[in-house]
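Note: the block below is target-v2.txt and it holds compact mmCIF, C-alpha atoms.
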```
# COMPACT_ATOMS: atom_id res chain seq x y z
CA MET A 17 -15.57 -66.49 -29.12
CA SER A 18 -13.01 -64.20 -27.59
CA SER A 19 -11.03 -65.84 -24.84
CA ALA A 20 -12.06 -63.01 -22.53
CA PHE A 21 -15.65 -64.12 -22.59
CA VAL A 22 -15.24 -66.88 -20.05
CA ALA A 23 -11.73 -67.12 -18.77
CA ASP A 24 -12.17 -69.85 -16.22
CA ARG A 25 -12.52 -73.45 -17.34
CA LYS A 26 -14.37 -74.41 -14.16
CA LEU A 27 -16.83 -71.65 -14.88
CA TRP A 28 -17.51 -73.15 -18.29
CA PHE A 29 -18.80 -76.32 -16.72
CA GLN A 30 -20.93 -74.38 -14.25
CA ILE A 31 -22.70 -72.35 -16.90
CA ALA A 32 -23.01 -75.15 -19.46
CA PRO A 33 -26.34 -76.64 -18.24
CA TYR A 34 -28.08 -73.26 -18.32
CA ALA A 35 -26.60 -72.34 -21.66
CA ALA A 36 -27.76 -75.72 -22.97
CA ALA A 37 -31.29 -75.11 -21.61
CA VAL A 38 -31.61 -71.81 -23.48
CA ALA A 39 -30.07 -73.25 -26.65
CA GLY A 40 -32.51 -76.16 -26.28
CA ALA A 41 -35.43 -73.72 -26.17
CA GLY A 42 -34.06 -72.29 -29.41
CA ALA A 43 -34.01 -75.78 -30.94
CA LEU A 44 -37.65 -76.31 -29.95
CA ALA A 45 -38.52 -72.99 -31.55
CA TRP A 46 -36.83 -74.20 -34.76
CA ALA A 47 -38.97 -77.33 -34.71
CA GLY A 48 -42.09 -75.22 -34.21
CA THR A 49 -41.13 -72.83 -36.97
CA ILE A 50 -40.48 -75.61 -39.46
CA TRP A 51 -43.78 -77.24 -38.55
CA ILE A 52 -45.67 -73.99 -39.15
CA ALA A 53 -43.74 -73.24 -42.33
CA ARG A 54 -44.80 -76.46 -44.05
CA GLY A 55 -46.99 -75.54 -46.97
CA ARG A 56 -46.74 -71.86 -46.13
CA GLY A 57 -44.17 -70.58 -48.60
CA MET A 58 -46.29 -67.47 -49.02
CA PRO A 59 -44.73 -64.08 -49.48
CA GLY A 60 -45.35 -60.93 -47.46
CA THR A 61 -47.59 -61.27 -44.44
CA MET A 62 -48.33 -64.93 -45.23
CA GLY A 63 -52.01 -64.01 -45.37
CA VAL A 64 -52.47 -63.99 -41.59
CA ASP A 65 -53.63 -61.23 -39.23
CA LEU A 66 -51.24 -59.20 -37.10
CA PRO A 67 -51.55 -61.14 -33.81
CA THR A 68 -50.90 -64.43 -35.59
CA PHE A 69 -48.03 -62.87 -37.52
CA ALA A 70 -46.54 -61.48 -34.27
CA GLY A 71 -46.71 -64.94 -32.71
CA ILE A 72 -45.00 -66.60 -35.67
CA TRP A 73 -42.43 -63.80 -35.85
CA THR A 74 -41.56 -64.19 -32.16
CA LEU A 75 -41.21 -67.95 -32.56
CA MET A 76 -38.87 -67.37 -35.51
CA MET A 77 -36.78 -64.93 -33.48
CA ALA A 78 -36.59 -67.47 -30.65
CA ALA A 79 -35.32 -70.05 -33.12
CA MET A 80 -32.76 -67.80 -34.70
CA MET A 81 -31.53 -65.82 -31.69
CA LEU A 82 -31.72 -68.04 -28.58
CA PRO A 83 -28.71 -70.18 -29.59
CA SER A 84 -26.65 -66.97 -29.73
CA VAL A 85 -27.94 -65.79 -26.35
CA ALA A 86 -27.30 -69.12 -24.61
CA LEU A 87 -23.88 -68.25 -23.17
CA VAL A 88 -24.97 -64.86 -21.85
CA ALA A 89 -27.94 -66.55 -20.19
CA GLY A 90 -25.63 -69.19 -18.72
CA LEU A 91 -23.39 -66.53 -17.19
CA TYR A 92 -26.39 -64.61 -15.92
CA ALA A 93 -27.70 -67.78 -14.28
CA ARG A 94 -24.58 -67.82 -12.10
CA SER A 95 -25.86 -64.73 -10.30
CA ILE A 96 -29.13 -66.43 -9.42
CA VAL A 97 -29.35 -68.54 -6.28
CA SER A 98 -33.05 -69.36 -6.10
CA SER A 99 -35.81 -70.01 -8.67
CA ARG A 100 -33.17 -70.15 -11.38
CA ILE A 101 -35.42 -71.65 -14.03
CA VAL A 102 -38.18 -69.08 -13.53
CA ARG A 103 -35.74 -66.19 -13.60
CA LEU A 104 -33.88 -67.54 -16.61
CA ALA A 105 -37.22 -67.90 -18.40
CA SER A 106 -38.01 -64.32 -17.42
CA LEU A 107 -34.71 -63.18 -18.94
CA SER A 108 -35.47 -65.03 -22.17
CA ILE A 109 -39.00 -63.61 -22.29
CA GLY A 110 -37.68 -60.07 -21.80
CA TYR A 111 -35.25 -60.74 -24.62
CA LEU A 112 -37.94 -62.04 -26.97
CA VAL A 113 -40.30 -59.17 -26.07
CA THR A 114 -37.70 -56.79 -27.50
CA TRP A 115 -37.76 -58.66 -30.78
CA SER A 116 -41.56 -59.03 -30.81
CA ILE A 117 -41.89 -55.24 -30.57
CA LEU A 118 -40.64 -55.20 -34.16
CA ALA A 119 -43.47 -57.47 -35.35
CA PRO A 120 -45.98 -54.68 -36.21
CA LEU A 121 -43.29 -52.82 -38.16
CA VAL A 122 -42.31 -55.92 -40.07
CA TYR A 123 -45.99 -56.74 -40.68
CA ALA A 124 -46.65 -53.26 -42.06
CA PHE A 125 -43.56 -53.41 -44.26
CA ALA A 126 -44.42 -56.86 -45.60
CA ALA A 127 -48.03 -55.79 -46.25
CA LEU A 128 -46.82 -52.69 -48.07
CA ILE A 129 -44.50 -54.73 -50.28
CA ALA A 130 -47.27 -57.19 -51.05
CA ALA A 131 -49.76 -54.39 -51.90
CA VAL A 132 -47.39 -52.46 -54.10
CA ALA A 133 -46.14 -55.63 -55.78
CA GLN A 134 -49.62 -56.30 -57.19
CA SER A 135 -49.58 -53.22 -59.39
CA HIS A 136 -46.02 -51.92 -59.54
CA GLU A 137 -43.65 -54.76 -60.07
CA THR A 138 -40.62 -52.63 -60.99
CA ILE A 139 -41.00 -50.24 -58.05
CA THR A 140 -41.18 -53.20 -55.67
CA ARG A 141 -38.15 -54.83 -57.19
CA VAL A 142 -36.09 -51.64 -56.95
CA ALA A 143 -37.28 -50.95 -53.39
CA GLU A 144 -36.32 -54.45 -52.28
CA ALA A 145 -32.93 -54.20 -53.94
CA ALA A 146 -32.42 -50.81 -52.26
CA ALA A 147 -33.34 -52.32 -48.87
CA LEU A 148 -30.73 -55.05 -49.33
CA LEU A 149 -28.09 -52.48 -50.33
CA VAL A 150 -28.89 -50.43 -47.21
CA VAL A 151 -28.59 -53.55 -45.04
CA GLY A 152 -25.28 -54.37 -46.73
CA ALA A 153 -24.00 -50.85 -46.03
CA TYR A 154 -25.13 -51.06 -42.37
CA GLN A 155 -22.81 -54.05 -41.92
CA PHE A 156 -19.93 -51.56 -42.36
CA SER A 157 -21.24 -48.97 -39.88
CA PRO A 158 -19.76 -48.05 -36.47
CA LEU A 159 -23.14 -48.74 -34.81
CA LYS A 160 -23.07 -52.30 -36.10
CA ASP A 161 -19.50 -52.67 -34.80
CA ALA A 162 -20.44 -51.30 -31.37
CA CYS A 163 -23.41 -53.64 -31.01
CA LEU A 164 -21.43 -56.62 -32.29
CA ARG A 165 -18.73 -55.97 -29.69
CA GLN A 166 -21.41 -56.10 -26.96
CA CYS A 167 -22.77 -59.29 -28.48
CA ARG A 168 -19.42 -61.03 -28.64
CA SER A 169 -17.93 -59.93 -25.35
CA PRO A 170 -20.84 -58.92 -23.18
CA ILE A 171 -18.90 -59.07 -19.90
CA GLY A 172 -19.35 -55.37 -19.15
CA GLN A 173 -23.04 -55.66 -19.87
CA ILE A 174 -23.36 -58.84 -17.83
CA VAL A 175 -21.62 -57.23 -14.86
CA TYR A 176 -24.27 -54.50 -14.90
CA LEU A 177 -27.17 -56.85 -15.58
CA ILE A 178 -26.18 -58.93 -12.55
CA GLY A 179 -26.35 -55.75 -10.45
CA LEU A 180 -29.95 -54.93 -11.42
CA ARG A 181 -32.37 -55.05 -8.49
CA GLY A 182 -36.09 -55.35 -8.09
CA ARG A 183 -38.87 -57.63 -9.17
CA LEU A 184 -38.52 -56.94 -12.89
CA ARG A 185 -34.74 -57.17 -13.06
CA ASP A 186 -34.64 -60.30 -15.23
CA LEU A 187 -37.10 -58.84 -17.73
CA ARG A 188 -35.10 -55.61 -17.80
CA ALA A 189 -31.87 -57.53 -18.31
CA GLY A 190 -33.47 -59.39 -21.22
CA LEU A 191 -34.83 -56.20 -22.76
CA ARG A 192 -31.47 -54.49 -22.51
CA HIS A 193 -29.54 -57.34 -24.04
CA GLY A 194 -32.22 -57.66 -26.72
CA ALA A 195 -31.79 -54.01 -27.65
CA TYR A 196 -28.12 -54.63 -28.50
CA CYS A 197 -29.10 -57.70 -30.52
CA ILE A 198 -31.56 -55.65 -32.55
CA GLY A 199 -28.82 -53.09 -33.18
CA CYS A 200 -26.70 -55.95 -34.41
CA CYS A 201 -29.19 -58.01 -36.40
CA TRP A 202 -32.13 -55.88 -37.58
CA GLY A 203 -30.57 -55.73 -41.03
CA LEU A 204 -30.24 -59.49 -41.26
CA MET A 205 -33.89 -59.85 -40.28
CA LEU A 206 -34.87 -57.34 -42.96
CA VAL A 207 -33.16 -59.64 -45.47
CA LEU A 208 -35.53 -62.33 -44.28
CA VAL A 209 -38.57 -60.11 -44.81
CA VAL A 210 -37.48 -59.08 -48.29
CA THR A 211 -36.63 -62.59 -49.43
CA GLY A 212 -39.70 -64.18 -47.86
CA VAL A 213 -40.61 -64.59 -44.21
CA MET A 214 -40.94 -68.28 -43.34
CA ASN A 215 -38.50 -69.30 -46.02
CA ILE A 216 -36.67 -71.92 -43.98
CA VAL A 217 -33.60 -71.96 -46.23
CA ILE A 218 -33.11 -68.20 -45.93
CA MET A 219 -33.80 -68.41 -42.19
CA ALA A 220 -31.09 -71.02 -41.81
CA LEU A 221 -28.63 -68.94 -43.87
CA VAL A 222 -29.35 -65.81 -41.81
CA ALA A 223 -29.10 -67.72 -38.52
CA ARG A 224 -25.79 -69.13 -39.66
CA ALA A 225 -24.51 -65.64 -40.51
CA ILE A 226 -25.51 -64.52 -37.00
CA LEU A 227 -23.63 -67.40 -35.37
CA TRP A 228 -20.60 -66.69 -37.58
CA GLU A 229 -20.58 -63.04 -36.57
CA LYS A 230 -20.85 -64.03 -32.93
CA TYR A 231 -18.30 -66.82 -32.74
CA LEU A 232 -15.78 -66.64 -35.61
CA PRO A 233 -12.43 -65.11 -34.63
CA ARG A 234 -12.62 -62.07 -36.95
CA PRO A 235 -16.02 -60.51 -36.20
CA LEU A 236 -15.77 -57.27 -38.14
CA TRP A 237 -14.31 -59.00 -41.15
CA THR A 238 -17.16 -61.53 -40.99
CA ALA A 239 -19.77 -58.76 -40.72
CA ARG A 240 -18.25 -57.07 -43.80
CA VAL A 241 -18.35 -60.29 -45.84
CA VAL A 242 -21.97 -60.85 -44.83
CA GLY A 243 -22.71 -57.23 -45.78
CA LEU A 244 -21.06 -57.57 -49.19
CA THR A 245 -22.96 -60.78 -49.85
CA ILE A 246 -26.29 -59.14 -49.00
CA ALA A 247 -25.49 -56.11 -51.16
CA ALA A 248 -24.51 -58.41 -54.04
CA VAL A 249 -27.81 -60.29 -53.73
CA GLY A 250 -29.64 -56.95 -53.72
CA PHE A 251 -27.81 -55.83 -56.84
CA ALA A 252 -28.40 -59.13 -58.62
CA SER A 253 -32.10 -59.11 -57.71
CA LEU A 254 -32.58 -56.12 -60.02
CA TRP A 255 -32.02 -58.54 -62.90
CA ILE A 256 -33.17 -61.77 -61.27
CA PRO A 257 -36.50 -60.89 -59.67
CA GLN A 258 -37.02 -64.41 -58.28
CA MET A 259 -34.45 -63.58 -55.60
CA THR A 260 -36.91 -61.38 -53.71
CA THR A 261 -40.58 -61.86 -52.85
CA GLY A 262 -42.19 -58.96 -54.65
CA THR A 263 -42.84 -60.88 -57.84
CA MET B 10 -29.41 -70.48 0.12
CA SER B 11 -29.79 -66.83 1.09
CA TRP B 12 -27.59 -64.11 2.41
CA LYS B 13 -27.65 -60.42 3.19
CA LEU B 14 -24.94 -57.94 4.07
CA THR B 15 -25.10 -54.26 4.92
CA GLY B 16 -22.22 -52.02 5.82
CA ARG B 17 -19.73 -49.56 4.46
CA TYR B 18 -17.62 -49.92 1.34
CA VAL B 19 -14.24 -48.32 0.68
CA GLU B 20 -12.48 -48.73 -2.66
CA ASN B 21 -8.99 -47.83 -3.72
CA CYS B 22 -7.16 -48.53 -6.96
CA SER B 23 -3.92 -47.64 -8.65
CA CYS B 24 -5.47 -45.11 -11.06
CA THR B 25 -3.96 -41.64 -10.82
CA ALA B 26 -7.29 -40.00 -11.71
CA VAL B 27 -10.95 -40.83 -11.03
CA CYS B 28 -11.08 -44.47 -12.14
CA PRO B 29 -12.36 -44.48 -15.77
CA CYS B 30 -13.56 -48.09 -15.45
CA THR B 31 -16.42 -47.01 -13.19
CA TRP B 32 -18.08 -44.33 -15.26
CA SER B 33 -17.42 -46.13 -18.55
CA GLY B 34 -18.80 -49.51 -17.48
CA LEU B 35 -15.29 -51.03 -17.74
CA ALA B 36 -14.93 -49.85 -21.34
CA VAL B 37 -12.23 -47.18 -20.87
CA ALA B 38 -8.77 -48.28 -19.78
CA ALA B 39 -7.20 -47.56 -16.40
CA THR B 40 -4.43 -44.96 -16.23
CA ASN B 41 -1.75 -47.59 -15.61
CA GLU B 42 -0.54 -50.57 -17.58
CA ARG B 43 -2.27 -52.91 -15.15
CA CYS B 44 -5.12 -52.07 -12.85
CA TYR B 45 -4.68 -53.02 -9.19
CA GLY B 46 -7.55 -52.53 -6.79
CA ALA B 47 -8.56 -53.06 -3.18
CA LEU B 48 -12.32 -53.34 -2.68
CA THR B 49 -12.96 -53.34 1.07
CA TYR B 50 -16.22 -54.23 2.78
CA HIS B 51 -16.95 -53.41 6.41
CA ILE B 52 -19.98 -55.43 7.37
CA ASP B 53 -22.19 -53.83 10.02
CA GLU B 54 -24.87 -56.48 9.84
CA GLY B 55 -24.80 -59.67 7.90
CA GLU B 56 -26.05 -63.22 7.72
CA ILE B 57 -25.04 -65.91 5.24
CA GLU B 58 -27.10 -69.10 5.16
CA GLY B 59 -27.89 -68.74 8.85
CA VAL B 60 -24.37 -67.73 9.94
CA ASP B 61 -24.02 -64.27 11.52
CA VAL B 62 -21.11 -62.32 10.01
CA SER B 63 -21.75 -58.91 11.56
CA GLY B 64 -18.72 -56.78 12.35
CA ILE B 65 -16.32 -58.60 10.02
CA HIS B 66 -14.10 -56.94 7.41
CA VAL B 67 -13.45 -58.44 3.96
CA ALA B 68 -11.29 -57.17 1.11
CA VAL B 69 -11.21 -58.26 -2.52
CA LEU B 70 -7.88 -57.60 -4.26
CA THR B 71 -7.89 -57.44 -8.04
CA ASP B 72 -5.22 -57.47 -10.70
CA SER B 73 -6.64 -56.87 -14.15
CA PRO B 74 -5.68 -55.60 -17.59
CA ALA B 75 -5.95 -51.81 -17.90
CA LEU B 76 -9.08 -52.38 -19.97
CA MET B 77 -10.96 -54.25 -17.25
CA LEU B 78 -13.59 -55.44 -19.72
CA LYS B 79 -11.03 -57.88 -21.09
CA GLY B 80 -11.60 -60.01 -18.00
CA ASN B 81 -9.20 -62.73 -16.93
CA TRP B 82 -8.64 -60.95 -13.61
CA ARG B 83 -6.48 -62.35 -10.82
CA VAL B 84 -8.55 -62.09 -7.67
CA ALA B 85 -7.61 -62.61 -4.01
CA LEU B 86 -9.62 -62.41 -0.79
CA VAL B 87 -8.45 -61.00 2.53
CA ILE B 88 -10.66 -61.88 5.49
CA ASP B 89 -10.63 -60.46 9.01
CA ALA B 90 -8.79 -62.83 11.39
CA LYS B 91 -11.56 -62.54 13.96
CA ALA B 92 -13.90 -64.49 11.67
CA SER B 93 -14.35 -68.10 12.74
CA ASP B 94 -13.60 -70.85 10.21
CA GLU B 95 -17.31 -71.18 9.53
CA GLN B 96 -17.77 -67.43 9.05
CA ALA B 97 -14.69 -67.22 6.83
CA HIS B 98 -15.94 -70.11 4.70
CA LYS B 99 -19.34 -68.46 4.16
CA LEU B 100 -17.71 -65.11 3.38
CA GLU B 101 -15.40 -66.76 0.86
CA MET B 102 -18.36 -68.26 -0.97
CA VAL B 103 -20.18 -64.92 -1.12
CA PHE B 104 -17.19 -62.83 -2.15
CA TRP B 105 -15.96 -65.22 -4.86
CA GLY B 106 -19.49 -64.89 -6.25
CA ASP B 107 -20.42 -68.53 -5.72
CA LEU B 108 -23.62 -67.73 -3.84
CA GLY B 109 -24.86 -65.51 -6.66
CA GLY B 110 -26.64 -62.22 -6.22
CA PRO B 111 -24.87 -58.88 -6.57
CA ALA B 112 -21.54 -60.39 -5.50
CA ALA B 113 -21.58 -62.60 -8.61
CA TRP B 114 -20.61 -59.57 -10.72
CA LEU B 115 -17.02 -60.76 -10.27
CA VAL B 116 -17.62 -64.23 -11.69
CA PRO B 117 -17.54 -63.50 -15.43
CA LEU B 118 -14.45 -61.33 -14.99
CA THR B 119 -12.40 -63.74 -12.88
CA GLY B 120 -9.65 -65.73 -14.57
CA GLU B 121 -7.82 -66.97 -11.51
CA ARG B 122 -8.60 -67.13 -7.83
CA VAL B 123 -5.13 -66.65 -6.42
CA GLY B 124 -5.81 -67.21 -2.73
CA VAL B 125 -7.27 -66.22 0.61
CA LEU B 126 -5.46 -64.53 3.51
CA ARG B 127 -6.75 -64.12 7.05
CA VAL B 128 -5.28 -61.15 8.92
CA PRO B 129 -6.45 -58.82 11.71
CA ALA B 130 -8.54 -55.99 10.25
CA THR B 131 -9.81 -52.62 11.42
CA TYR B 132 -11.89 -49.82 9.98
CA GLU B 133 -12.55 -46.38 11.42
CA VAL B 134 -13.96 -43.11 10.12
CA VAL B 135 -12.33 -39.90 11.31
CA GLY B 136 -13.86 -36.79 9.76
CA ARG B 137 -13.49 -37.29 6.01
CA GLU B 138 -11.00 -40.11 6.37
CA HIS B 139 -11.75 -43.81 6.08
CA ARG B 140 -8.88 -45.68 7.72
CA VAL B 141 -8.70 -49.30 6.58
CA ARG B 142 -6.17 -51.80 7.80
CA PHE B 143 -5.80 -55.50 6.97
CA GLY B 144 -2.59 -56.57 8.77
CA ASP B 145 0.46 -55.94 6.61
CA VAL B 146 -1.53 -56.52 3.44
CA ILE B 147 -3.67 -53.38 3.13
CA ASP B 148 -3.11 -49.98 4.71
CA LEU B 149 -5.39 -47.24 3.39
CA VAL B 150 -6.42 -43.76 4.39
CA ILE B 151 -9.13 -42.77 1.90
CA ALA B 152 -10.51 -39.23 2.20
CA ASP B 153 -13.89 -38.22 0.79
CA GLU B 154 -13.42 -35.19 -1.47
CA GLY B 155 -13.95 -31.80 0.18
CA GLY B 156 -11.91 -29.00 1.60
CA ARG B 157 -9.74 -28.64 -1.46
CA GLY B 158 -10.30 -27.26 -4.95
CA ILE B 159 -13.82 -26.01 -5.49
CA ILE B 160 -15.46 -28.29 -2.93
CA PRO B 161 -15.88 -26.48 0.42
CA GLU B 162 -14.79 -28.15 3.64
CA GLY B 163 -18.28 -28.70 5.04
CA ALA B 164 -19.85 -29.95 1.78
CA GLU B 165 -20.94 -33.49 0.98
CA PRO B 166 -18.45 -35.14 -1.39
CA PRO B 167 -19.55 -35.21 -5.05
CA ARG B 168 -21.01 -38.56 -6.10
CA LEU B 169 -20.75 -40.56 -9.28
CA VAL B 170 -24.30 -41.65 -10.15
CA PHE B 171 -24.93 -44.81 -12.20
CA ALA B 172 -27.72 -45.66 -14.62
CA ASP B 173 -27.88 -49.06 -12.96
CA VAL B 174 -25.37 -49.68 -10.19
CA HIS B 175 -21.67 -49.59 -9.39
CA PRO B 176 -21.09 -53.37 -9.55
CA PRO B 177 -18.58 -53.87 -6.69
CA SER B 178 -20.78 -52.08 -4.13
CA GLY B 179 -24.18 -52.57 -5.72
CA ALA B 180 -24.83 -48.90 -4.86
CA LYS B 181 -26.63 -46.44 -7.14
CA SER B 182 -23.97 -43.82 -6.46
CA ILE B 183 -20.50 -43.61 -4.90
CA ALA B 184 -18.71 -40.69 -3.25
CA LEU B 185 -15.51 -39.48 -4.89
CA ALA B 186 -12.45 -39.79 -2.69
CA HIS B 187 -8.68 -40.02 -2.93
CA ALA B 188 -6.00 -41.84 -1.05
CA GLU B 189 -4.14 -39.81 1.55
CA LYS B 190 -2.12 -42.97 1.90
CA ALA B 191 -2.34 -46.36 0.21
CA ARG B 192 -0.17 -49.44 0.46
CA VAL B 193 -1.24 -52.87 -0.78
CA SER B 194 0.95 -55.93 -0.95
CA ALA B 195 -0.10 -59.57 -1.47
CA PHE B 196 -0.08 -62.20 -4.22
CA ALA B 197 2.07 -59.99 -6.47
CA ILE B 198 -0.54 -57.24 -6.23
CA GLU B 199 1.76 -54.45 -5.13
CA TYR B 200 0.93 -50.78 -5.37
CA GLY B 201 0.59 -47.66 -3.30
CA GLY B 202 0.96 -43.93 -3.15
CA SER B 203 -1.04 -40.87 -2.27
CA GLY B 204 -3.53 -38.94 -4.36
CA ILE B 205 -4.62 -42.09 -6.22
CA ASN B 206 -8.26 -43.00 -6.78
CA GLY B 207 -10.80 -43.83 -4.07
CA PHE B 208 -14.55 -44.26 -3.62
CA THR B 209 -16.75 -44.75 -0.56
CA THR B 210 -20.40 -45.63 -0.07
CA PRO B 211 -22.72 -47.50 2.26
CA PHE B 212 -23.70 -50.85 0.74
CA SER B 213 -26.63 -53.17 1.16
CA TRP B 214 -26.69 -56.57 -0.53
CA SER B 215 -29.22 -59.34 -0.37
CA VAL B 216 -30.49 -62.21 -2.45
```

Could you take the file, read its structure, and then write that structure out as structure tokens?
Amino acid sequence: MSSAFVADRKLWFQIAPYAAAVAGAGALAWAGTIWIARGRGMPGTMGVDLPTFAGIWTLMMAAMMLPSVALVAGLYARSIVSSRIVRLASLSIGYLVTWSILAPLVYAFAALIAAVAQSHETITRVAEAAALLVVGAYQFSPLKDACLRQCRSPIGQIVYLIGLRGRLRDLRAGLRHGAYCIGCCWGLMLVLVVTGVMNIVIMALVARAILWEKYLPRPLWTARVVGLTIAAVGFASLWIPQMTTGT
Amino acid sequence: MSWKLTGRYVENCSCTAVCPCTWSGLAVAATNERCYGALTYHIDEGEIEGVDVSGIHVAVLTDSPALMLKGNWRVALVIDAKASDEQAHKLEMVFWGDLGGPAAWLVPLTGERVGVLRVPATYEVVGREHRVRFGDVIDLVIADEGGRGIIPEGAEPPRLVFADVHPPSGAKSIALAHAEKARVSAFAIEYGGSGINGFTTPFSWSV
């Protein structure tokens, strides 16, 4: 983390309990995800309907993203003097709503892959490899860099979020922060879809990449390495079909 | 644990043009190597945890990197000498950001709280001019834009409008102004001049 993120040591101790609470919610979501994933190594849409898929997807996003959001939430909590827990929960819900909006898109994409895979194995394999190459390329883009900067040093954003007024301010703050996270991580989540939603090992690898990008000292360099790795996997999957779900 | 303050806000900083930190959300650097600012609050009506603070003046002095987003600001408070100890204590808590709400915008940016001064303070509005005085520490004459350039004398000053708010005032928009005179000196925050950046707006804070 950049030293600018929280300059004051005293402040660290003040935000720690709230950061821990949000990170703890993420840990619970991990437990839930692992429990659901047992015996469900199925590809594509996992054979469930959209509402169920959306629920599982949101739980997965909570598991993977809440630990990264914990410090922002802790700082935000400092601006709250009453009903802190309710408002912090509201922030987290707003944040997760942003991610859950993607669920129908992901569901449609996974269903499409599964349908095409039945009859056109090669097309599926090439499409999945292409998706991974696109994600790898995105890791080098200015948009990724801009969103990652917001993610790593969100002080400017936080200053504005604290200023939001009105009944829905916490939800709006969550939505807004979530939008930057999607800009940062949609590609990494697409990797998850292509290599098998609910694959706990891949989930853990992706979540680790997200934490690396957020906290390691050389963020852009890290994002590039992650991008190269993803592109390499995509390239290799043309010859080793087991690396993606389509087959 | 509640507080509310309404009043008038006058800002001045060392930028030689309209402060780029405001319209960029702190993402564009100030025009000087370091950014010095005086954020002054003239409370018409206010109450903090049951203590009346109406009629008291408070200033927040800041010393930050040119790119304010980098944080680690040095921050000082200057409180009107007519505040009682109890009033001053409550105002300190609010303006450091410790009582949350809109004033907590400063918390993530603050690296060091350098101190609190208590000096006699006055504020008056004469035509376009906002005359702010905090003892020997702050002496400002901030004039709302108008009567020069393309803005006619009788016109309202142009306002900078924010998607959310201008964090220091919590206002949706702030009037553009400039310093006819500015002199600030405390805690190694030393700057001044004329023609440098200013903003004014009514403010209304509550939690």

Among the residues A:Leu184, A:Val217, A:Val175, A:Ala53, the one that comes closest to chain B [using all atoms listed in the file]: A:Val175

Might you pull out every residue within 6 Å of region 95-110 of chain A, with all atoms listed in the file counted and same-chain residues fewer than 5 positions away left off, and present them as a PyMOL selection string? (chain A and resi 186-187+190-191) or (chain B and resi 109-110+113)

Surrounding residues of Gly155 (chain B) excluding itself and chain neighbours under 2 positions, 10 Å, only C-alpha atoms, as a PyMOL selection string: chain B and resi 137+152-153+157-167+185-186

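Across A:Ile129, A:Leu177, A:Ala86, A:Val64, the tightest approach to chain B is made by A:Leu177 when counting all atoms listed in the file.
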
Interface rows for chain A against chain B: nearest pair, Å to one decimal, 12 Å, all atoms listed in the file, as a Markdown table:
```
| residue | atom | partner | partner_atom | distance |
| --- | --- | --- | --- | --- |
| A:Ser18 | CA | B:Lys79 | CA | 9.3 |
| A:Ser19 | CA | B:Asn81 | CA | 8.7 |
| A:Ala20 | CA | B:Lys79 | CA | 5.4 |
| A:Phe21 | CA | B:Gly80 | CA | 7.4 |
| A:Val22 | CA | B:Pro117 | CA | 6.2 |
| A:Ala23 | CA | B:Gly120 | CA | 4.9 |
| A:Asp24 | CA | B:Gly120 | CA | 5.1 |
| A:Arg25 | CA | B:Gly120 | CA | 8.7 |
| A:Lys26 | CA | B:Gly120 | CA | 9.9 |
| A:Leu27 | CA | B:Val116 | CA | 8.1 |
| A:Trp28 | CA | B:Pro117 | CA | 10.1 |
| A:Gln30 | CA | B:Asp107 | CA | 10.4 |
| A:Ile31 | CA | B:Pro117 | CA | 10.3 |
| A:Leu87 | CA | B:Pro117 | CA | 11.1 |
| A:Val88 | CA | B:Pro117 | CA | 9.9 |
| A:Ala89 | CA | B:Pro117 | CA | 11.8 |
| A:Gly90 | CA | B:Pro117 | CA | 10.4 |
| A:Leu91 | CA | B:Pro117 | CA | 6.8 |
| A:Tyr92 | CA | B:Pro117 | CA | 8.9 |
| A:Ala93 | CA | B:Gly109 | CA | 8.4 |
| A:Arg94 | CA | B:Gly109 | CA | 5.9 |
| A:Ser95 | CA | B:Gly109 | CA | 3.9 |
| A:Ile96 | CA | B:Gly109 | CA | 5.2 |
| A:Val97 | CA | B:Gly109 | CA | 5.4 |
| A:Ser98 | CA | B:Met10 | CA | 7.3 |
| A:Ser99 | CA | B:Met10 | CA | 10.9 |
| A:Arg100 | CA | B:Gly109 | CA | 10.6 |
| A:Ala162 | CA | B:Ala36 | CA | 11.5 |
| A:Arg165 | CA | B:Ala36 | CA | 11.0 |
| A:Gln166 | CA | B:Ala36 | CA | 10.6 |
| A:Arg168 | CA | B:Lys79 | CA | 11.7 |
| A:Ser169 | CA | B:Lys79 | CA | 8.4 |
| A:Pro170 | CA | B:Leu78 | CA | 8.8 |
| A:Ile171 | CA | B:Leu78 | CA | 6.4 |
| A:Gly172 | CA | B:Leu78 | CA | 5.8 |
| A:Gln173 | CA | B:Gly34 | CA | 7.8 |
| A:Ile174 | CA | B:Trp114 | CA | 7.7 |
| A:Val175 | CA | B:Trp114 | CA | 4.9 |
| A:Tyr176 | CA | B:Pro176 | CA | 6.3 |
| A:Leu177 | CA | B:Asp173 | CA | 8.2 |
| A:Ile178 | CA | B:Trp114 | CA | 5.9 |
| A:Gly179 | CA | B:Pro111 | CA | 5.2 |
| A:Leu180 | CA | B:Asp173 | CA | 6.4 |
| A:Arg181 | CA | B:Pro111 | CA | 8.6 |
| A:Gly182 | CA | B:Val216 | CA | 10.5 |
| A:Arg183 | CA | B:Val216 | CA | 11.7 |
| A:Arg185 | CA | B:Asp173 | CA | 10.6 |
| A:Arg188 | CA | B:Asp173 | CA | 10.9 |
| A:Ala189 | CA | B:Asp173 | CA | 10.8 |
| A:Arg192 | CA | B:Asp173 | CA | 11.6 |
```

Tell me, in Å to one decimal, how far CA of Phe208 (chain B) is from CA of Ile57 (chain B). 25.6 Å

I want to know what sits within 12 Å of Val134 (chain B), based on all atoms listed in the file, with residues of the same chain fewer than 5 positions away left out; could you give that as a count of residues only? 14
